[in-house]
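Novice: I have a structure here, written as structure tokens, and I will follow up with some questions on it.
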Amino acid sequence: VKIRFVKLIFFFQKRYYGKSLPFGADSFKSPYLGLLTIEQAMADYAVFLTALKEQLNATQSKVIAFGGSYGGMLAAYMRFKYPNIIDGSLAASAPIYMQDVNGPHDFFFQHVTQDFRDINEKCYDSVKMAFQIMNNLAASGPSGLQVISKEFKLCNTLQDDKSYQHLLGWIRNAFTMMAMLDYPYPTGFMGNLPGFPVKVGCEFILNSTSLLEGLANAAGVFYNSSLQCYDIYSEFIECADPTGCGTGPDAIAWDYQACTELLLPRGSNNVTDMFPVLPWNPELRAAYCQKTYGITPRDDWSAVQFWGQNIKSASNIIFSNGNLDPWMGGGVNEDLSESLVAVAVIGGAHHLDLRSSNQLDPPGVVLAREKEKAILRQWLS
């Protein structure tokens, strides 16, 4: 969103992400990892902004927090916790209701499925049938696993059910990313994808000579189909977030937060979605987090600390959600007051309204940005 009436814009890199490693190579070791919390990160921002305004002799200037996805959650939380510092927030694709243990958690893979189904019902049917064929092959033993490995051009042949389950997660992750980043133009954000990747994925599925080939080619839209083979263990890491943690050091940070502070969606069930049964629930999460980090999630804490679904006493927050975005089901999609405003981004995927303007932007995205700017201008006047 290009805000011409804003004088200064700062982009914060959150502690423990990117190059912001407070203890260098030891940052992800105990006890240092314990300082990776939302509370500490927000305090970083609050201290920085307070000092900066004093340094610039701008103590009367207003501050608006912007963020998308997890950043959108932080933008809202900054307004909750530091209304004396943050005058308003634009929280794009921010699934804050999900942080209530009684909030929505079963929406994600259903929405991913619907995105593909909306392109073509046959695309949905083909994906479901392809996974069934895979399950039948896997159940037949080593020979079936070898067939699957060849169809998917895997660098290493599947050896057992554990490696097969990892492949299923790898495939589901590709469809997740295509749905999240279903922008109308090519993007290198979180992966190199063509414009309208959901449509492109469906075209591969429907135009291939076999269902398995189609599923493999669709996954290749995200993982780079030009590779000679796929290393599913370097390209996808299983973690405490069934929607994916990414790769590299940032994946460790997100995995840890998914164990300590963040409540995330449940797994896929092959009933309300097109994916294989890959369960994820509080019991599985607790076991994983105890084994990986020696910690037990406090599921009730997020609602206490971050207000859960009881946010009506807040003010000056825009919650925007794209109807193509799988995270929409965990966000605020209705106005709660005159200053807690929900903006629908029709034709938008994951926080598309925060990306730079593009001539291919759908009309609904352009309208959403104009509405957001009008509200922000009112708050700043």
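Residues are named by chain letter and number: chains run A, B, ... in the order of the structure tokens, numbers start at 1 in each chain, and ligands are numbered from 1 in the order shown.
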Please provide the set of residues having any atom within 12 Å of Leu158 in chain A, restricted to only C-alpha atoms, with same-chain residues fewer than 4 positions apart removed, written as a PDB file with N, CA and C atoms, in the first residue's frame.

Specialist:
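This is the output file selection.pdb:
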ATOM      1  N   LEU A 137      -0.475 -47.886  -3.756  1.00  0.00           N
ATOM      2  CA  LEU A 137       0.880 -48.283  -4.125  1.00  0.00           C
ATOM      3  C   LEU A 137       1.761 -48.434  -2.885  1.00  0.00           C
ATOM      4  N   ALA A 138       1.663 -47.474  -1.964  1.00  0.00           N
ATOM      5  CA  ALA A 138       2.478 -47.528  -0.753  1.00  0.00           C
ATOM      6  C   ALA A 138       2.154 -48.764   0.076  1.00  0.00           C
ATOM      7  N   GLY A 141       3.988 -52.188  -0.665  1.00  0.00           N
ATOM      8  CA  GLY A 141       5.347 -52.474  -0.242  1.00  0.00           C
ATOM      9  C   GLY A 141       6.414 -51.780  -1.077  1.00  0.00           C
ATOM     10  N   PRO A 142       7.658 -52.299  -1.030  1.00  0.00           N
ATOM     11  CA  PRO A 142       8.799 -51.663  -1.702  1.00  0.00           C
ATOM     12  C   PRO A 142       8.589 -51.401  -3.187  1.00  0.00           C
ATOM     13  N   SER A 143       7.935 -52.309  -3.883  1.00  0.00           N
ATOM     14  CA  SER A 143       7.731 -52.108  -5.316  1.00  0.00           C
ATOM     15  C   SER A 143       6.833 -50.903  -5.579  1.00  0.00           C
ATOM     16  N   GLY A 144       5.806 -50.735  -4.750  1.00  0.00           N
ATOM     17  CA  GLY A 144       4.926 -49.582  -4.893  1.00  0.00           C
ATOM     18  C   GLY A 144       5.630 -48.285  -4.561  1.00  0.00           C
ATOM     19  N   LEU A 145       6.453 -48.296  -3.514  1.00  0.00           N
ATOM     20  CA  LEU A 145       7.213 -47.105  -3.138  1.00  0.00           C
ATOM     21  C   LEU A 145       8.192 -46.720  -4.239  1.00  0.00           C
ATOM     22  N   GLN A 146       8.720 -47.719  -4.929  1.00  0.00           N
ATOM     23  CA  GLN A 146       9.642 -47.437  -6.027  1.00  0.00           C
ATOM     24  C   GLN A 146       8.924 -46.751  -7.185  1.00  0.00           C
ATOM     25  N   VAL A 147       7.704 -47.201  -7.466  1.00  0.00           N
ATOM     26  CA  VAL A 147       6.911 -46.567  -8.526  1.00  0.00           C
ATOM     27  C   VAL A 147       6.629 -45.101  -8.176  1.00  0.00           C
ATOM     28  N   ILE A 148       6.231 -44.862  -6.937  1.00  0.00           N
ATOM     29  CA  ILE A 148       5.940 -43.492  -6.495  1.00  0.00           C
ATOM     30  C   ILE A 148       7.198 -42.633  -6.614  1.00  0.00           C
ATOM     31  N   SER A 149       8.325 -43.160  -6.163  1.00  0.00           N
ATOM     32  CA  SER A 149       9.591 -42.414  -6.196  1.00  0.00           C
ATOM     33  C   SER A 149       9.949 -42.024  -7.625  1.00  0.00           C
ATOM     34  N   LYS A 150       9.720 -42.915  -8.559  1.00  0.00           N
ATOM     35  CA  LYS A 150      10.039 -42.643  -9.964  1.00  0.00           C
ATOM     36  C   LYS A 150       9.095 -41.596 -10.531  1.00  0.00           C
ATOM     37  N   GLU A 151       7.813 -41.715 -10.230  1.00  0.00           N
ATOM     38  CA  GLU A 151       6.834 -40.748 -10.750  1.00  0.00           C
ATOM     39  C   GLU A 151       7.118 -39.335 -10.257  1.00  0.00           C
ATOM     40  N   PHE A 152       7.585 -39.220  -9.028  1.00  0.00           N
ATOM     41  CA  PHE A 152       7.832 -37.902  -8.436  1.00  0.00           C
ATOM     42  C   PHE A 152       9.279 -37.444  -8.593  1.00  0.00           C
ATOM     43  N   LYS A 153      10.075 -38.192  -9.321  1.00  0.00           N
ATOM     44  CA  LYS A 153      11.475 -37.841  -9.585  1.00  0.00           C
ATOM     45  C   LYS A 153      12.231 -37.545  -8.286  1.00  0.00           C
ATOM     46  N   LEU A 154      12.105 -38.436  -7.313  1.00  0.00           N
ATOM     47  CA  LEU A 154      12.769 -38.235  -6.029  1.00  0.00           C
ATOM     48  C   LEU A 154      14.240 -38.588  -6.140  1.00  0.00           C
ATOM     49  N   LYS A 162       7.443 -44.091   6.874  1.00  0.00           N
ATOM     50  CA  LYS A 162       7.850 -42.784   7.396  1.00  0.00           C
ATOM     51  C   LYS A 162       8.275 -41.861   6.257  1.00  0.00           C
ATOM     52  N   SER A 163       9.074 -42.376   5.324  1.00  0.00           N
ATOM     53  CA  SER A 163       9.488 -41.543   4.196  1.00  0.00           C
ATOM     54  C   SER A 163       8.311 -41.235   3.277  1.00  0.00           C
ATOM     55  N   TYR A 164       7.378 -42.164   3.173  1.00  0.00           N
ATOM     56  CA  TYR A 164       6.180 -41.930   2.357  1.00  0.00           C
ATOM     57  C   TYR A 164       5.317 -40.821   2.974  1.00  0.00           C
ATOM     58  N   GLN A 165       5.158 -40.841   4.281  1.00  0.00           N
ATOM     59  CA  GLN A 165       4.391 -39.799   4.957  1.00  0.00           C
ATOM     60  C   GLN A 165       5.045 -38.435   4.772  1.00  0.00           C
ATOM     61  N   HIS A 166       6.374 -38.430   4.746  1.00  0.00           N
ATOM     62  CA  HIS A 166       7.070 -37.160   4.520  1.00  0.00           C
ATOM     63  C   HIS A 166       6.793 -36.643   3.110  1.00  0.00           C
ATOM     64  N   LEU A 167       6.753 -37.539   2.142  1.00  0.00           N
ATOM     65  CA  LEU A 167       6.418 -37.136   0.774  1.00  0.00           C
ATOM     66  C   LEU A 167       5.023 -36.530   0.718  1.00  0.00           C
ATOM     67  N   LEU A 168       4.082 -37.136   1.420  1.00  0.00           N
ATOM     68  CA  LEU A 168       2.718 -36.586   1.435  1.00  0.00           C
ATOM     69  C   LEU A 168       2.710 -35.167   2.000  1.00  0.00           C
ATOM     70  N   TYR A 230      14.011 -34.312  -6.910  1.00  0.00           N
ATOM     71  CA  TYR A 230      13.574 -33.567  -5.727  1.00  0.00           C
ATOM     72  C   TYR A 230      14.138 -34.198  -4.462  1.00  0.00           C
ATOM     73  N   ASP A 231      14.757 -33.351  -3.630  1.00  0.00           N
ATOM     74  CA  ASP A 231      15.224 -33.777  -2.312  1.00  0.00           C
ATOM     75  C   ASP A 231      14.170 -33.331  -1.298  1.00  0.00           C
ATOM     76  N   ILE A 232      13.233 -34.209  -1.016  1.00  0.00           N
ATOM     77  CA  ILE A 232      12.072 -33.804  -0.225  1.00  0.00           C
ATOM     78  C   ILE A 232      12.427 -33.453   1.210  1.00  0.00           C
ATOM     79  N   TYR A 233      13.597 -33.889   1.684  1.00  0.00           N
ATOM     80  CA  TYR A 233      13.968 -33.587   3.070  1.00  0.00           C
ATOM     81  C   TYR A 233      14.609 -32.211   3.211  1.00  0.00           C
TER      82      TYR A 233
END

Novice: Any idea what's packed within 12 Å of Asn358 in chain A, counting only C-alpha atoms, ignoring anything in its chain fewer than 2 positions away? Could you give it as a list in words?

Specialist: Val1, Lys2, Tyr183, Pro184, Tyr185, Pro186, Thr187, Leu352, Asp353, Leu354, Arg355, Ser356, Leu360, Asp361, Pro362, Pro363, Val365 and Val366 of chain A

Novice: Could you write those residues out with C-alpha atoms, as a compact mmCIF listing (two decimals), in the first residue's frame?

Specialist:
# COMPACT_ATOMS: atom_id res chain seq x y z
CA VAL A 1 0.00 0.00 0.00
CA LYS A 2 1.57 3.31 -1.04
CA TYR A 183 -1.05 -13.68 -6.91
CA PRO A 184 -1.97 -12.53 -10.43
CA TYR A 185 1.70 -12.09 -11.38
CA PRO A 186 4.96 -14.05 -10.85
CA THR A 187 6.55 -13.70 -7.42
CA LEU A 352 -1.84 -8.98 -1.42
CA ASP A 353 -3.11 -5.56 -0.36
CA LEU A 354 0.25 -4.84 1.30
CA ARG A 355 2.27 -5.61 -1.82
CA SER A 356 3.28 -2.92 -4.29
CA LEU A 360 -2.47 -6.95 -12.86
CA ASP A 361 -4.00 -6.33 -9.43
CA PRO A 362 -7.69 -7.37 -9.34
CA PRO A 363 -10.17 -4.49 -8.93
CA VAL A 365 -7.52 -5.33 -4.29
CA VAL A 366 -7.36 -1.77 -5.61

Novice: Quick one: pull the distance between CA of Ser89 in chain A and CA of Met177 in chain A, Å, one decimal.

Specialist: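 Going from CA of Ser89 in chain A over to CA of Met177 in chain A, I get 26.1 Å.
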
Novice: Provide the CA of Trp280 in chain A to CA of Gln132 in chain A distance in Å, to one decimal place.

Specialist: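 If I compute the distance from CA of Trp280 in chain A to CA of Gln132 in chain A, I get 20.1 Å.
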
Novice: With only C-alpha atoms as the atoms that count, which of A:Ile252, A:Val101, A:Ile85, A:Val63 lies nearest to Arg266 in chain A?

Specialist: A:Val101

Novice: Considering only strand (DSSP E or B) as DSSP defines it on the backbone, what residues of range 248-332 of chain A qualify? List them as a ChimeraX atom specification.

Specialist: /A:268,278,317-322

Novice: Can you list, as JSON, numbers by chain, all residues belonging to range 17-264 of chain A that DSSP tags as helix (DSSP H, G or I)?

Specialist: {"A": [24, 25, 26, 32, 33, 34, 35, 38, 39, 40, 41, 42, 43, 44, 45, 46, 47, 48, 49, 50, 51, 52, 53, 54, 55, 70, 71, 72, 73, 74, 75, 76, 77, 78, 79, 80, 81, 96, 97, 98, 99, 108, 109, 110, 111, 112, 113, 114, 115, 116, 117, 118, 119, 121, 122, 123, 124, 125, 126, 127, 128, 129, 130, 131, 132, 133, 134, 135, 136, 137, 138, 139, 142, 143, 144, 145, 146, 147, 148, 149, 150, 151, 161, 162, 163, 164, 165, 166, 167, 168, 169, 170, 171, 172, 173, 174, 175, 176, 177, 178, 179, 180, 197, 198, 199, 200, 201, 202, 203, 204, 205, 206, 207, 211, 212, 213, 214, 215, 216, 217, 218, 219, 220, 221, 222, 223, 232, 233, 234, 235, 249, 250, 251, 252, 253, 254, 255, 256, 257, 258, 259, 260]}

Novice: Neighbours of range 35-37 of chain A within 10 Å (only C-alpha atoms; same-chain residues fewer than 5 positions away dropped), as a PDB file with N, CA, C and O atoms, in the first residue's frame?

Specialist:
ATOM      1  N   LYS A  14      12.403  -9.110  12.971  1.00  0.00           N
ATOM      2  CA  LYS A  14      12.144  -9.619  14.315  1.00  0.00           C
ATOM      3  C   LYS A  14      13.323 -10.419  14.850  1.00  0.00           C
ATOM      4  O   LYS A  14      14.004 -11.120  14.118  1.00  0.00           O
ATOM      5  N   ARG A  15      13.545 -10.304  16.151  1.00  0.00           N
ATOM      6  CA  ARG A  15      14.631 -11.062  16.776  1.00  0.00           C
ATOM      7  C   ARG A  15      14.505 -12.554  16.471  1.00  0.00           C
ATOM      8  O   ARG A  15      13.415 -13.113  16.415  1.00  0.00           O
ATOM      9  N   TYR A  16      15.645 -13.183  16.197  1.00  0.00           N
ATOM     10  CA  TYR A  16      15.789 -14.605  15.869  1.00  0.00           C
ATOM     11  C   TYR A  16      15.410 -14.945  14.426  1.00  0.00           C
ATOM     12  O   TYR A  16      15.406 -16.116  14.059  1.00  0.00           O
ATOM     13  N   TYR A  17      15.117 -13.930  13.621  1.00  0.00           N
ATOM     14  CA  TYR A  17      14.824 -14.169  12.204  1.00  0.00           C
ATOM     15  C   TYR A  17      15.830 -13.408  11.348  1.00  0.00           C
ATOM     16  O   TYR A  17      16.310 -12.339  11.730  1.00  0.00           O
ATOM     17  N   PRO A  22      20.495 -12.541  18.233  1.00  0.00           N
ATOM     18  CA  PRO A  22      21.110 -11.840  19.372  1.00  0.00           C
ATOM     19  C   PRO A  22      22.311 -12.547  19.978  1.00  0.00           C
ATOM     20  O   PRO A  22      23.165 -11.902  20.593  1.00  0.00           O
ATOM     21  N   SER A  27      22.206 -18.699  19.142  1.00  0.00           N
ATOM     22  CA  SER A  27      20.867 -18.148  19.372  1.00  0.00           C
ATOM     23  C   SER A  27      19.794 -19.215  19.508  1.00  0.00           C
ATOM     24  O   SER A  27      18.820 -19.035  20.247  1.00  0.00           O
ATOM     25  N   PHE A  28      19.964 -20.338  18.806  1.00  0.00           N
ATOM     26  CA  PHE A  28      18.930 -21.370  18.831  1.00  0.00           C
ATOM     27  C   PHE A  28      19.228 -22.474  19.840  1.00  0.00           C
ATOM     28  O   PHE A  28      18.615 -23.546  19.793  1.00  0.00           O
ATOM     29  N   SER A  30      19.629 -23.620  24.009  1.00  0.00           N
ATOM     30  CA  SER A  30      19.134 -23.289  25.353  1.00  0.00           C
ATOM     31  C   SER A  30      20.281 -22.689  26.155  1.00  0.00           C
ATOM     32  O   SER A  30      21.428 -23.132  26.032  1.00  0.00           O
ATOM     33  N   MET A  42       7.757  -7.289  20.737  1.00  0.00           N
ATOM     34  CA  MET A  42       6.978  -6.053  20.792  1.00  0.00           C
ATOM     35  C   MET A  42       7.670  -5.007  21.659  1.00  0.00           C
ATOM     36  O   MET A  42       7.630  -3.812  21.357  1.00  0.00           O
ATOM     37  N   ALA A  43       8.313  -5.455  22.710  1.00  0.00           N
ATOM     38  CA  ALA A  43       9.060  -4.524  23.551  1.00  0.00           C
ATOM     39  C   ALA A  43      10.217  -3.904  22.764  1.00  0.00           C
ATOM     40  O   ALA A  43      10.524  -2.721  22.924  1.00  0.00           O
ATOM     41  N   ALA A 253      13.097 -21.007  14.266  1.00  0.00           N
ATOM     42  CA  ALA A 253      12.439 -19.960  15.051  1.00  0.00           C
ATOM     43  C   ALA A 253      10.923 -20.131  15.022  1.00  0.00           C
ATOM     44  O   ALA A 253      10.251 -20.060  16.054  1.00  0.00           O
ATOM     45  N   TRP A 254      10.384 -20.364  13.823  1.00  0.00           N
ATOM     46  CA  TRP A 254       8.929 -20.495  13.705  1.00  0.00           C
ATOM     47  C   TRP A 254       8.445 -21.770  14.392  1.00  0.00           C
ATOM     48  O   TRP A 254       7.395 -21.771  15.049  1.00  0.00           O
ATOM     49  N   TYR A 256       9.754 -23.227  16.956  1.00  0.00           N
ATOM     50  CA  TYR A 256       9.782 -22.997  18.402  1.00  0.00           C
ATOM     51  C   TYR A 256       8.572 -22.175  18.839  1.00  0.00           C
ATOM     52  O   TYR A 256       7.913 -22.500  19.838  1.00  0.00           O
ATOM     53  N   GLN A 257       8.252 -21.136  18.088  1.00  0.00           N
ATOM     54  CA  GLN A 257       7.099 -20.321  18.457  1.00  0.00           C
ATOM     55  C   GLN A 257       5.794 -21.087  18.309  1.00  0.00           C
ATOM     56  O   GLN A 257       4.843 -20.849  19.059  1.00  0.00           O
ATOM     57  N   THR A 260       5.507 -22.709  21.590  1.00  0.00           N
ATOM     58  CA  THR A 260       5.436 -21.918  22.818  1.00  0.00           C
ATOM     59  C   THR A 260       4.291 -20.920  22.861  1.00  0.00           C
ATOM     60  O   THR A 260       3.706 -20.681  23.917  1.00  0.00           O
ATOM     61  N   GLU A 261       3.970 -20.294  21.718  1.00  0.00           N
ATOM     62  CA  GLU A 261       3.034 -19.171  21.764  1.00  0.00           C
ATOM     63  C   GLU A 261       1.898 -19.229  20.753  1.00  0.00           C
ATOM     64  O   GLU A 261       0.840 -18.635  20.979  1.00  0.00           O
TER      65      GLU A 261
END

Novice: Would you mind telling me which residue in A:Asp325, A:Glu39, A:Glu54, A:Asp273 lies nearest to Ser302 in chain A when using only C-alpha atoms?

Specialist: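 With only C-alpha atoms as the atom set, the closest residue is A:Glu39.
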
Novice: Looking at A:Ile205, A:Met180, A:Cys259, A:Ile64, which one is nearest to Gly294 in chain A, with distances taken over only C-alpha atoms?

Specialist: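 Checking each of A:Ile205, A:Met180, A:Cys259, A:Ile64 against Gly294 in chain A, counting only C-alpha atoms, the winner is A:Cys259.
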
Novice: Pick from A:Gln159, A:Cys202, A:Ala46, A:Gly244: nearest to Glu121 in chain A, with only C-alpha atoms counted?

Specialist: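 For Glu121 in chain A, the nearest of the given residues is A:Cys202.
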
Novice: I'd like the contact shell of Tyr288 in chain A - 12 Å cut-off, only C-alpha atoms, skipping same-chain residues fewer than 4 positions apart - returned as an MDAnalysis selection string.

Specialist: chainID A and resid 238:241 255:256 258:260 280:284 292:297

Novice: Using CA of Asp182 in chain A and CA of Gly169 in chain A as the two end points, give the distance in Å to one decimal.

Specialist: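 CA of Asp182 in chain A sits 19.7 Å away from CA of Gly169 in chain A.
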
Novice: Write out as a PDB file with C-alpha atoms, in the first residue's frame which residues come within 10 Å of Phe108 in chain A when counting only C-alpha atoms, dropping same-chain ones fewer than 5 positions away.

Specialist:
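Result file part29.pdb:
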ATOM      1  CA  THR A 113      -8.959 -27.297  -1.281  1.00  0.00           C
ATOM      2  CA  GLN A 114     -11.699 -24.821  -2.198  1.00  0.00           C
ATOM      3  CA  THR A 176      -0.552 -24.792   0.493  1.00  0.00           C
ATOM      4  CA  PRO A 242       1.187 -28.235   9.598  1.00  0.00           C
ATOM      5  CA  THR A 243       0.995 -25.381   7.083  1.00  0.00           C
ATOM      6  CA  LEU A 264      -2.052 -23.051  14.420  1.00  0.00           C
ATOM      7  CA  PRO A 265      -4.451 -25.020  12.190  1.00  0.00           C
ATOM      8  CA  ARG A 266      -5.242 -28.709  12.576  1.00  0.00           C
ATOM      9  CA  GLY A 267      -4.109 -31.268  10.016  1.00  0.00           C
ATOM     10  CA  SER A 268      -5.823 -32.568   6.881  1.00  0.00           C
ATOM     11  CA  ASP A 273     -10.291 -31.395   2.206  1.00  0.00           C
ATOM     12  CA  ASP A 325      -6.214 -16.691   1.305  1.00  0.00           C
ATOM     13  CA  PRO A 326      -6.407 -19.949   3.321  1.00  0.00           C
ATOM     14  CA  TRP A 327      -5.729 -17.974   6.513  1.00  0.00           C
ATOM     15  CA  MET A 328      -8.928 -15.967   6.101  1.00  0.00           C
ATOM     16  CA  GLY A 329     -10.882 -18.366   8.319  1.00  0.00           C
ATOM     17  CA  GLY A 330      -8.791 -17.477  11.350  1.00  0.00           C
TER      18      GLY A 330
END

Novice: Pick from A:Ala368, A:Gly67, A:Gly347, A:Val341: nearest to Phe196 in chain A, with only C-alpha atoms counted?

Specialist: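 Of all the options, A:Gly347 lies closest to Phe196 in chain A.
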
Novice: Neighbouring residues of Asp118 in chain A were defined as those with any atom within 12 Å, considering only C-alpha atoms; residues of the same chain fewer than 2 positions away were excluded. Please report them as an NGL selection string.

Specialist: :A and (111-116 or 120-125 or 179 or 198-199 or 202 or 323-324)

Novice: From the set A:Asn173, A:Ser126, A:Asp250, A:Gly331, which residue has the shortest atom-to-atom contact distance to Asn207 in chain A, counting only C-alpha atoms?

Specialist: A:Ser126

Novice: Please list as number ranges by chain every residue within 9 Å of Asn102 in chain A, counting only C-alpha atoms and excluding residues in the same chain fewer than 4 positions away.

Specialist: A: 97-98, 308-309

Novice: Can you build me a table of range 179-201 of chain A residues sitting at most 9 Å from range 214-221 of chain A, with the closest atom pair per residue and its distance in Å to one decimal, using only C-alpha atoms, sorted by chain and residue number, as a Markdown table?

Specialist:
| residue | atom | partner | partner_atom | distance |
| --- | --- | --- | --- | --- |
| A:Asn192 | CA | A:Val221 | CA | 8.5 |
| A:Leu193 | CA | A:Val221 | CA | 6.7 |
| A:Pro194 | CA | A:Val221 | CA | 7.8 |
| A:Pro197 | CA | A:Val221 | CA | 7.2 |
| A:Val198 | CA | A:Ala218 | CA | 8.9 |
| A:Val200 | CA | A:Val221 | CA | 7.7 |
| A:Gly201 | CA | A:Ala218 | CA | 4.5 |
